[in-house]
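**Student:** PDB, C-alpha atoms, pLDDT in the B column, file upload37.pdb:
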MODEL        1
ATOM      1  CA  MET N   3     -13.606 110.967-110.743  1.00 84.00           C
ATOM      2  CA  PRO N   4     -11.605 113.135-108.362  1.00 93.00           C
ATOM      3  CA  GLU N   5     -10.950 116.607-109.785  1.00 94.00           C
ATOM      4  CA  ASP N   6      -7.156 116.285-109.402  1.00 96.00           C
ATOM      5  CA  THR N   7      -7.150 113.048-111.446  1.00 95.00           C
ATOM      6  CA  LYS N   8      -9.344 114.633-114.107  1.00 93.00           C
ATOM      7  CA  GLN N   9      -7.005 117.630-114.312  1.00 96.00           C
ATOM      8  CA  ALA N  10      -3.964 115.341-114.569  1.00 97.00           C
ATOM      9  CA  ILE N  11      -5.588 113.587-117.543  1.00 96.00           C
ATOM     10  CA  PHE N  12      -6.307 116.882-119.319  1.00 96.00           C
ATOM     11  CA  ASP N  13      -2.793 118.141-118.582  1.00 96.00           C
ATOM     12  CA  GLY N  14      -1.139 114.929-119.804  1.00 95.00           C
ATOM     13  CA  VAL N  15       0.617 114.275-116.509  1.00 96.00           C
ATOM     14  CA  PRO N  16       2.159 110.751-116.293  1.00 96.00           C
ATOM     15  CA  PRO N  17       0.761 108.162-116.551  1.00 95.00           C
ATOM     16  CA  PHE N  18      -1.726 110.073-118.740  1.00 96.00           C
ATOM     17  CA  ASP N  19       0.956 111.564-121.004  1.00 95.00           C
ATOM     18  CA  ASN N  20       0.623 109.254-124.010  1.00 93.00           C
ATOM     19  CA  ILE N  21      -3.081 108.602-124.570  1.00 95.00           C
ATOM     20  CA  THR N  22      -3.419 107.636-128.236  1.00 95.00           C
ATOM     21  CA  ALA N  23      -7.107 106.741-128.282  1.00 96.00           C
ATOM     22  CA  ILE N  24     -10.294 107.230-126.326  1.00 96.00           C
ATOM     23  CA  VAL N  25     -12.857 104.454-126.795  1.00 94.00           C
ATOM     24  CA  ILE N  26     -16.462 105.153-125.842  1.00 93.00           C
ATOM     25  CA  SER N  27     -18.920 102.314-125.253  1.00 87.00           C
ATOM     26  CA  HIS N  28     -22.103 104.367-125.565  1.00 87.00           C
ATOM     27  CA  ALA N  29     -23.365 107.900-125.178  1.00 88.00           C
ATOM     28  CA  HIS N  30     -25.110 107.737-121.799  1.00 86.00           C
ATOM     29  CA  ASP N  31     -24.013 110.525-119.490  1.00 85.00           C
ATOM     30  CA  ASP N  32     -22.429 108.091-117.014  1.00 83.00           C
ATOM     31  CA  HIS N  33     -20.031 106.906-119.753  1.00 82.00           C
ATOM     32  CA  PHE N  34     -19.585 109.915-122.019  1.00 90.00           C
ATOM     33  CA  ALA N  35     -19.375 113.684-121.587  1.00 95.00           C
ATOM     34  CA  ALA N  36     -19.177 115.283-125.025  1.00 97.00           C
ATOM     35  CA  ASP N  37     -17.901 118.594-123.668  1.00 96.00           C
ATOM     36  CA  ASP N  38     -15.018 116.946-121.808  1.00 96.00           C
ATOM     37  CA  VAL N  39     -14.104 114.797-124.805  1.00 97.00           C
ATOM     38  CA  LEU N  40     -14.099 117.815-127.097  1.00 98.00           C
ATOM     39  CA  ARG N  41     -11.953 119.778-124.658  1.00 97.00           C
ATOM     40  CA  TYR N  42      -9.488 116.875-124.431  1.00 97.00           C
ATOM     41  CA  LEU N  43      -9.286 116.353-128.196  1.00 98.00           C
ATOM     42  CA  LEU N  44      -8.715 120.063-128.805  1.00 98.00           C
ATOM     43  CA  LYS N  45      -5.834 120.027-126.334  1.00 97.00           C
ATOM     44  CA  HIS N  46      -4.409 116.701-127.588  1.00 97.00           C
ATOM     45  CA  PRO N  47      -4.613 116.673-131.403  1.00 97.00           C
ATOM     46  CA  LYS N  48      -2.795 113.324-131.752  1.00 96.00           C
ATOM     47  CA  THR N  49      -5.450 111.459-129.725  1.00 97.00           C
ATOM     48  CA  GLN N  50      -8.152 109.616-131.681  1.00 97.00           C
ATOM     49  CA  LEU N  51     -11.730 109.091-130.538  1.00 97.00           C
ATOM     50  CA  VAL N  52     -13.500 105.821-131.357  1.00 96.00           C
ATOM     51  CA  ALA N  53     -17.182 106.067-130.530  1.00 94.00           C
ATOM     52  CA  PRO N  54     -20.609 104.901-131.589  1.00 92.00           C
ATOM     53  CA  GLN N  55     -22.490 107.188-133.916  1.00 92.00           C
ATOM     54  CA  GLN N  56     -24.784 108.346-131.064  1.00 91.00           C
ATOM     55  CA  ALA N  57     -21.772 109.756-129.178  1.00 95.00           C
ATOM     56  CA  VAL N  58     -20.308 111.341-132.292  1.00 96.00           C
ATOM     57  CA  LEU N  59     -23.634 113.089-132.943  1.00 96.00           C
ATOM     58  CA  LYS N  60     -23.540 114.560-129.422  1.00 96.00           C
ATOM     59  CA  LEU N  61     -19.944 115.686-129.959  1.00 97.00           C
ATOM     60  CA  ASN N  62     -20.788 117.212-133.338  1.00 97.00           C
ATOM     61  CA  GLY N  63     -23.552 119.242-131.695  1.00 97.00           C
ATOM     62  CA  LEU N  64     -20.960 121.247-129.788  1.00 97.00           C
ATOM     63  CA  GLN N  65     -19.378 124.451-131.014  1.00 97.00           C
ATOM     64  CA  GLY N  66     -15.789 123.772-132.055  1.00 96.00           C
ATOM     65  CA  SER N  67     -16.274 120.115-132.915  1.00 97.00           C
ATOM     66  CA  GLN N  68     -15.279 120.691-136.559  1.00 97.00           C
ATOM     67  CA  ALA N  69     -11.713 121.285-135.369  1.00 98.00           C
ATOM     68  CA  VAL N  70     -11.437 117.663-134.174  1.00 98.00           C
ATOM     69  CA  SER N  71     -13.330 115.903-136.970  1.00 97.00           C
ATOM     70  CA  SER N  72     -10.142 114.276-138.303  1.00 97.00           C
ATOM     71  CA  GLN N  73      -9.579 112.710-134.865  1.00 98.00           C
ATOM     72  CA  VAL N  74     -13.003 111.043-134.712  1.00 97.00           C
ATOM     73  CA  VAL N  75     -13.851 107.524-135.861  1.00 96.00           C
ATOM     74  CA  SER N  76     -17.589 106.858-135.798  1.00 95.00           C
ATOM     75  CA  ILE N  77     -18.913 103.315-135.512  1.00 93.00           C
ATOM     76  CA  ASP N  78     -22.432 102.585-136.689  1.00 90.00           C
ATOM     77  CA  LEU N  79     -23.639  99.081-135.853  1.00 85.00           C
ATOM     78  CA  ALA N  80     -27.162  97.736-136.059  1.00 83.00           C
ATOM     79  CA  PHE N  81     -28.505  95.308-133.463  1.00 80.00           C
ATOM     80  CA  LYS N  82     -27.355  91.743-134.290  1.00 82.00           C
ATOM     81  CA  GLN N  83     -24.953  93.010-136.963  1.00 87.00           C
ATOM     82  CA  LYS N  84     -21.648  91.158-137.140  1.00 91.00           C
ATOM     83  CA  PRO N  85     -18.780  92.819-135.263  1.00 90.00           C
ATOM     84  CA  LYS N  86     -16.583  95.315-137.098  1.00 92.00           C
ATOM     85  CA  THR N  87     -12.821  95.215-136.789  1.00 94.00           C
ATOM     86  CA  LEU N  88     -10.798  98.379-137.225  1.00 93.00           C
ATOM     87  CA  GLU N  89      -7.347  99.674-136.416  1.00 94.00           C
ATOM     88  CA  VAL N  90      -7.004 103.090-134.820  1.00 93.00           C
ATOM     89  CA  ALA N  91      -3.853 104.587-133.306  1.00 90.00           C
ATOM     90  CA  GLY N  92      -2.090 101.226-133.485  1.00 90.00           C
ATOM     91  CA  LEU N  93      -4.916  99.463-131.652  1.00 92.00           C
ATOM     92  CA  LYS N  94      -6.951  96.608-133.127  1.00 95.00           C
ATOM     93  CA  ILE N  95     -10.550  97.187-132.068  1.00 92.00           C
ATOM     94  CA  ASP N  96     -13.439  94.761-132.423  1.00 91.00           C
ATOM     95  CA  ALA N  97     -16.729  96.614-132.104  1.00 91.00           C
ATOM     96  CA  VAL N  98     -20.012  94.860-131.424  1.00 88.00           C
ATOM     97  CA  ARG N  99     -23.447  96.156-130.519  1.00 85.00           C
ATOM     98  CA  ILE N 100     -24.966  94.465-127.492  1.00 81.00           C
ATOM     99  CA  PRO N 101     -28.150  95.209-125.564  1.00 75.00           C
ATOM    100  CA  HIS N 102     -27.832  97.646-122.692  1.00 72.00           C
ATOM    101  CA  SER N 103     -29.875  97.127-119.536  1.00 68.00           C
ATOM    102  CA  GLY N 104     -33.463  97.991-120.366  1.00 62.00           C
ATOM    103  CA  TRP N 105     -32.872  97.967-124.119  1.00 57.00           C
ATOM    104  CA  PRO N 106     -34.574  97.557-126.544  1.00 56.00           C
ATOM    105  CA  ALA N 107     -37.718  97.845-124.429  1.00 56.00           C
TER     106      ALA N 107
ENDMDL
END
Starting from the file, give its structure as structure tokens.

**Tutor:**
Amino acid sequence: MPEDTKQAIFDGVPPFDNITAIVISHAHDDHFAADDVLRYLLKHPKTQLVAPQQAVLKLNGLQGSQAVSSQVVSIDLAFKQKPKTLEVAGLKIDAVRIPHSGWPA
């Protein structure tokens, strides 16, 4: 992502001025950067994070993560478990665990 776009997101510049939720698919580095998410949540205390347990564990490993614990919704799904439906920040979210390329091998 271009640095100016990333900075605009962190600064809440329109159209990034009303982000109510961040939804993470999985905790691979090309989809999730725990340090950036923590920095964003600290700066934007009304934003909720919805993430699989593996991402939440990475976030919780960072200093300062306790300050955002009320903003974090952890989803723990086993392979082939039925989807879970939840509502976060006015959004209806259906979460399902699906195989990722190369998984479960």

**Student:** Give me, as JSON lines, each residue of segment 15-36 of chain N that comes within 8 Å of segment 42-66 of chain N, together with its shortest interatomic pair and the distance in Å at one decimal, counting all atoms listed in the file, with rows ordered by chain and rising residue number.

**Tutor:**
{"residue": "N:Ile21", "atom": "CA", "partner": "N:Thr49", "partner_atom": "CA", "distance": 6.4}
{"residue": "N:Thr22", "atom": "CA", "partner": "N:Thr49", "partner_atom": "CA", "distance": 4.6}
{"residue": "N:Ala23", "atom": "CA", "partner": "N:Gln50", "partner_atom": "CA", "distance": 4.6}
{"residue": "N:Ile24", "atom": "CA", "partner": "N:Leu51", "partner_atom": "CA", "distance": 4.8}
{"residue": "N:Val25", "atom": "CA", "partner": "N:Val52", "partner_atom": "CA", "distance": 4.8}
{"residue": "N:Ile26", "atom": "CA", "partner": "N:Ala53", "partner_atom": "CA", "distance": 4.8}
{"residue": "N:Ser27", "atom": "CA", "partner": "N:Ala53", "partner_atom": "CA", "distance": 6.7}
{"residue": "N:His28", "atom": "CA", "partner": "N:Pro54", "partner_atom": "CA", "distance": 6.2}
{"residue": "N:Ala29", "atom": "CA", "partner": "N:Ala57", "partner_atom": "CA", "distance": 4.7}
{"residue": "N:Phe34", "atom": "CA", "partner": "N:Ala57", "partner_atom": "CA", "distance": 7.5}
{"residue": "N:Ala36", "atom": "CA", "partner": "N:Leu61", "partner_atom": "CA", "distance": 5.0}

**Student:** Would you compute the distance between atom CA of His33 of chain N and atom CA of Asp78 of chain N? Give it in Å to one decimal.

**Tutor:**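 Distance between the two atoms: 17.6 Å.
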
**Student:** Go through N:Leu40, N:Pro101, N:Pro17, N:Ala10 one by one, measure the shortest atom-to-atom distance of each to Gln68 of chain N using all atoms listed in the file, and give the residue with the smallest value.

**Tutor:**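 Distance minimum relative to Gln68 of chain N lands on N:Leu40.
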
**Student:** Between atom CA of Met3 of chain N and atom CA of Pro16 of chain N, what is the spacing in Å?

**Tutor:**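 Spanning atom CA of Pro16 of chain N to atom CA of Met3 of chain N is a straight-line distance of 16.7 Å.
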
**Student:** May I ask for the distance between atom CA of His30 of chain N and atom CA of His102 of chain N, given in Å to one decimal place?

**Tutor:**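 For atom CA of His30 of chain N relative to atom CA of His102 of chain N, the distance reads 10.5 Å.
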
**Student:** Which residue gives the smallest distance to Gln73 of chain N among N:Asp32, N:Lys86, N:Ala91, N:Lys8, with all atoms listed in the file counted?

**Tutor:**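 The answer is N:Ala91, which sits nearest to Gln73 of chain N.
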
**Student:** For the structure provided, state which residues fall under the PyMOL selection byres ((chain N and resi 81) around 9), and present them as a list in words.

**Tutor:**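 When the PyMOL selection byres ((chain N and resi 81) around 9) is applied, the selected residues are Leu79, Ala80, Lys82, Gln83, Lys84, Val98, Arg99, Ile100 and Pro101 of chain N.
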
**Student:** Nearest to Val74 of chain N: which of N:Phe12, N:Val39, N:Glu5, N:Ala97 is it, counting all atoms listed in the file?

**Tutor:**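 Of all the options, N:Val39 lies closest to Val74 of chain N.
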
**Student:** To test the calculation: enclose all listed atoms of segment 50-59 of chain N in a box whose edges run along x, y and z, add 5 Å on each side, then state centre and edge lengths in Å to one decimal, as AutoDock Vina command-line options.

**Tutor:**
--center_x -16.5 --center_y 109.0 --center_z -131.5 --size_x 26.6 --size_y 18.2 --size_z 14.7

**Student:** Output file request: segment 24-41 of chain N, with N, CA, C and O atoms, as a PDB file, in the first residue's frame.

**Tutor:**
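Saved the output as result04.pdb:
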ATOM      1  N   ILE N  24     -12.550  -3.507  11.707  1.00  0.00           N
ATOM      2  CA  ILE N  24     -11.513  -4.106  10.878  1.00  0.00           C
ATOM      3  C   ILE N  24     -11.740  -5.607  10.957  1.00  0.00           C
ATOM      4  O   ILE N  24     -11.833  -6.167  12.056  1.00  0.00           O
ATOM      5  N   VAL N  25     -11.848  -6.262   9.807  1.00  0.00           N
ATOM      6  CA  VAL N  25     -12.075  -7.706   9.771  1.00  0.00           C
ATOM      7  C   VAL N  25     -10.856  -8.356   9.131  1.00  0.00           C
ATOM      8  O   VAL N  25     -10.478  -8.016   8.015  1.00  0.00           O
ATOM      9  N   ILE N  26     -10.252  -9.276   9.864  1.00  0.00           N
ATOM     10  CA  ILE N  26      -9.052  -9.971   9.411  1.00  0.00           C
ATOM     11  C   ILE N  26      -9.427 -11.387   9.002  1.00  0.00           C
ATOM     12  O   ILE N  26     -10.128 -12.084   9.741  1.00  0.00           O
ATOM     13  N   SER N  27      -8.934 -11.825   7.849  1.00  0.00           N
ATOM     14  CA  SER N  27      -9.239 -13.182   7.386  1.00  0.00           C
ATOM     15  C   SER N  27      -8.358 -14.229   8.059  1.00  0.00           C
ATOM     16  O   SER N  27      -8.837 -15.287   8.467  1.00  0.00           O
ATOM     17  N   HIS N  28      -7.069 -13.924   8.164  1.00  0.00           N
ATOM     18  CA  HIS N  28      -6.132 -14.833   8.822  1.00  0.00           C
ATOM     19  C   HIS N  28      -4.843 -14.074   9.130  1.00  0.00           C
ATOM     20  O   HIS N  28      -4.657 -12.953   8.684  1.00  0.00           O
ATOM     21  N   ALA N  29      -3.984 -14.698   9.904  1.00  0.00           N
ATOM     22  CA  ALA N  29      -2.849 -13.975  10.469  1.00  0.00           C
ATOM     23  C   ALA N  29      -1.561 -14.072   9.668  1.00  0.00           C
ATOM     24  O   ALA N  29      -0.494 -13.810  10.199  1.00  0.00           O
ATOM     25  N   HIS N  30      -1.622 -14.416   8.396  1.00  0.00           N
ATOM     26  CA  HIS N  30      -0.400 -14.398   7.586  1.00  0.00           C
ATOM     27  C   HIS N  30       0.026 -12.951   7.360  1.00  0.00           C
ATOM     28  O   HIS N  30      -0.799 -12.050   7.243  1.00  0.00           O
ATOM     29  N   ASP N  31       1.323 -12.751   7.277  1.00  0.00           N
ATOM     30  CA  ASP N  31       1.867 -11.396   7.187  1.00  0.00           C
ATOM     31  C   ASP N  31       1.381 -10.605   5.976  1.00  0.00           C
ATOM     32  O   ASP N  31       1.390  -9.370   5.998  1.00  0.00           O
ATOM     33  N   ASP N  32       0.928 -11.269   4.920  1.00  0.00           N
ATOM     34  CA  ASP N  32       0.427 -10.542   3.757  1.00  0.00           C
ATOM     35  C   ASP N  32      -1.030 -10.099   3.933  1.00  0.00           C
ATOM     36  O   ASP N  32      -1.591  -9.423   3.076  1.00  0.00           O
ATOM     37  N   HIS N  33      -1.640 -10.450   5.063  1.00  0.00           N
ATOM     38  CA  HIS N  33      -3.019 -10.058   5.353  1.00  0.00           C
ATOM     39  C   HIS N  33      -3.161  -9.326   6.681  1.00  0.00           C
ATOM     40  O   HIS N  33      -4.201  -8.728   6.941  1.00  0.00           O
ATOM     41  N   PHE N  34      -2.153  -9.407   7.540  1.00  0.00           N
ATOM     42  CA  PHE N  34      -2.294  -8.920   8.898  1.00  0.00           C
ATOM     43  C   PHE N  34      -0.945  -8.484   9.457  1.00  0.00           C
ATOM     44  O   PHE N  34       0.016  -9.252   9.424  1.00  0.00           O
ATOM     45  N   ALA N  35      -0.896  -7.260   9.942  1.00  0.00           N
ATOM     46  CA  ALA N  35       0.300  -6.741  10.616  1.00  0.00           C
ATOM     47  C   ALA N  35      -0.136  -6.301  12.011  1.00  0.00           C
ATOM     48  O   ALA N  35      -0.770  -5.246  12.182  1.00  0.00           O
ATOM     49  N   ALA N  36       0.158  -7.128  13.000  1.00  0.00           N
ATOM     50  CA  ALA N  36      -0.304  -6.873  14.363  1.00  0.00           C
ATOM     51  C   ALA N  36       0.102  -5.499  14.865  1.00  0.00           C
ATOM     52  O   ALA N  36      -0.692  -4.803  15.514  1.00  0.00           O
ATOM     53  N   ASP N  37       1.320  -5.072  14.560  1.00  0.00           N
ATOM     54  CA  ASP N  37       1.776  -3.768  15.044  1.00  0.00           C
ATOM     55  C   ASP N  37       0.966  -2.623  14.447  1.00  0.00           C
ATOM     56  O   ASP N  37       0.612  -1.666  15.150  1.00  0.00           O
ATOM     57  N   ASP N  38       0.641  -2.711  13.169  1.00  0.00           N
ATOM     58  CA  ASP N  38      -0.182  -1.669  12.544  1.00  0.00           C
ATOM     59  C   ASP N  38      -1.604  -1.679  13.099  1.00  0.00           C
ATOM     60  O   ASP N  38      -2.194  -0.618  13.342  1.00  0.00           O
ATOM     61  N   VAL N  39      -2.157  -2.858  13.297  1.00  0.00           N
ATOM     62  CA  VAL N  39      -3.516  -2.945  13.842  1.00  0.00           C
ATOM     63  C   VAL N  39      -3.559  -2.368  15.250  1.00  0.00           C
ATOM     64  O   VAL N  39      -4.459  -1.604  15.589  1.00  0.00           O
ATOM     65  N   LEU N  40      -2.577  -2.715  16.060  1.00  0.00           N
ATOM     66  CA  LEU N  40      -2.537  -2.166  17.420  1.00  0.00           C
ATOM     67  C   LEU N  40      -2.425  -0.648  17.380  1.00  0.00           C
ATOM     68  O   LEU N  40      -3.150   0.057  18.085  1.00  0.00           O
ATOM     69  N   ARG N  41      -1.555  -0.136  16.555  1.00  0.00           N
ATOM     70  CA  ARG N  41      -1.381   1.315  16.442  1.00  0.00           C
ATOM     71  C   ARG N  41      -2.693   1.986  16.023  1.00  0.00           C
ATOM     72  O   ARG N  41      -3.085   3.013  16.572  1.00  0.00           O
TER      73      ARG N  41
END
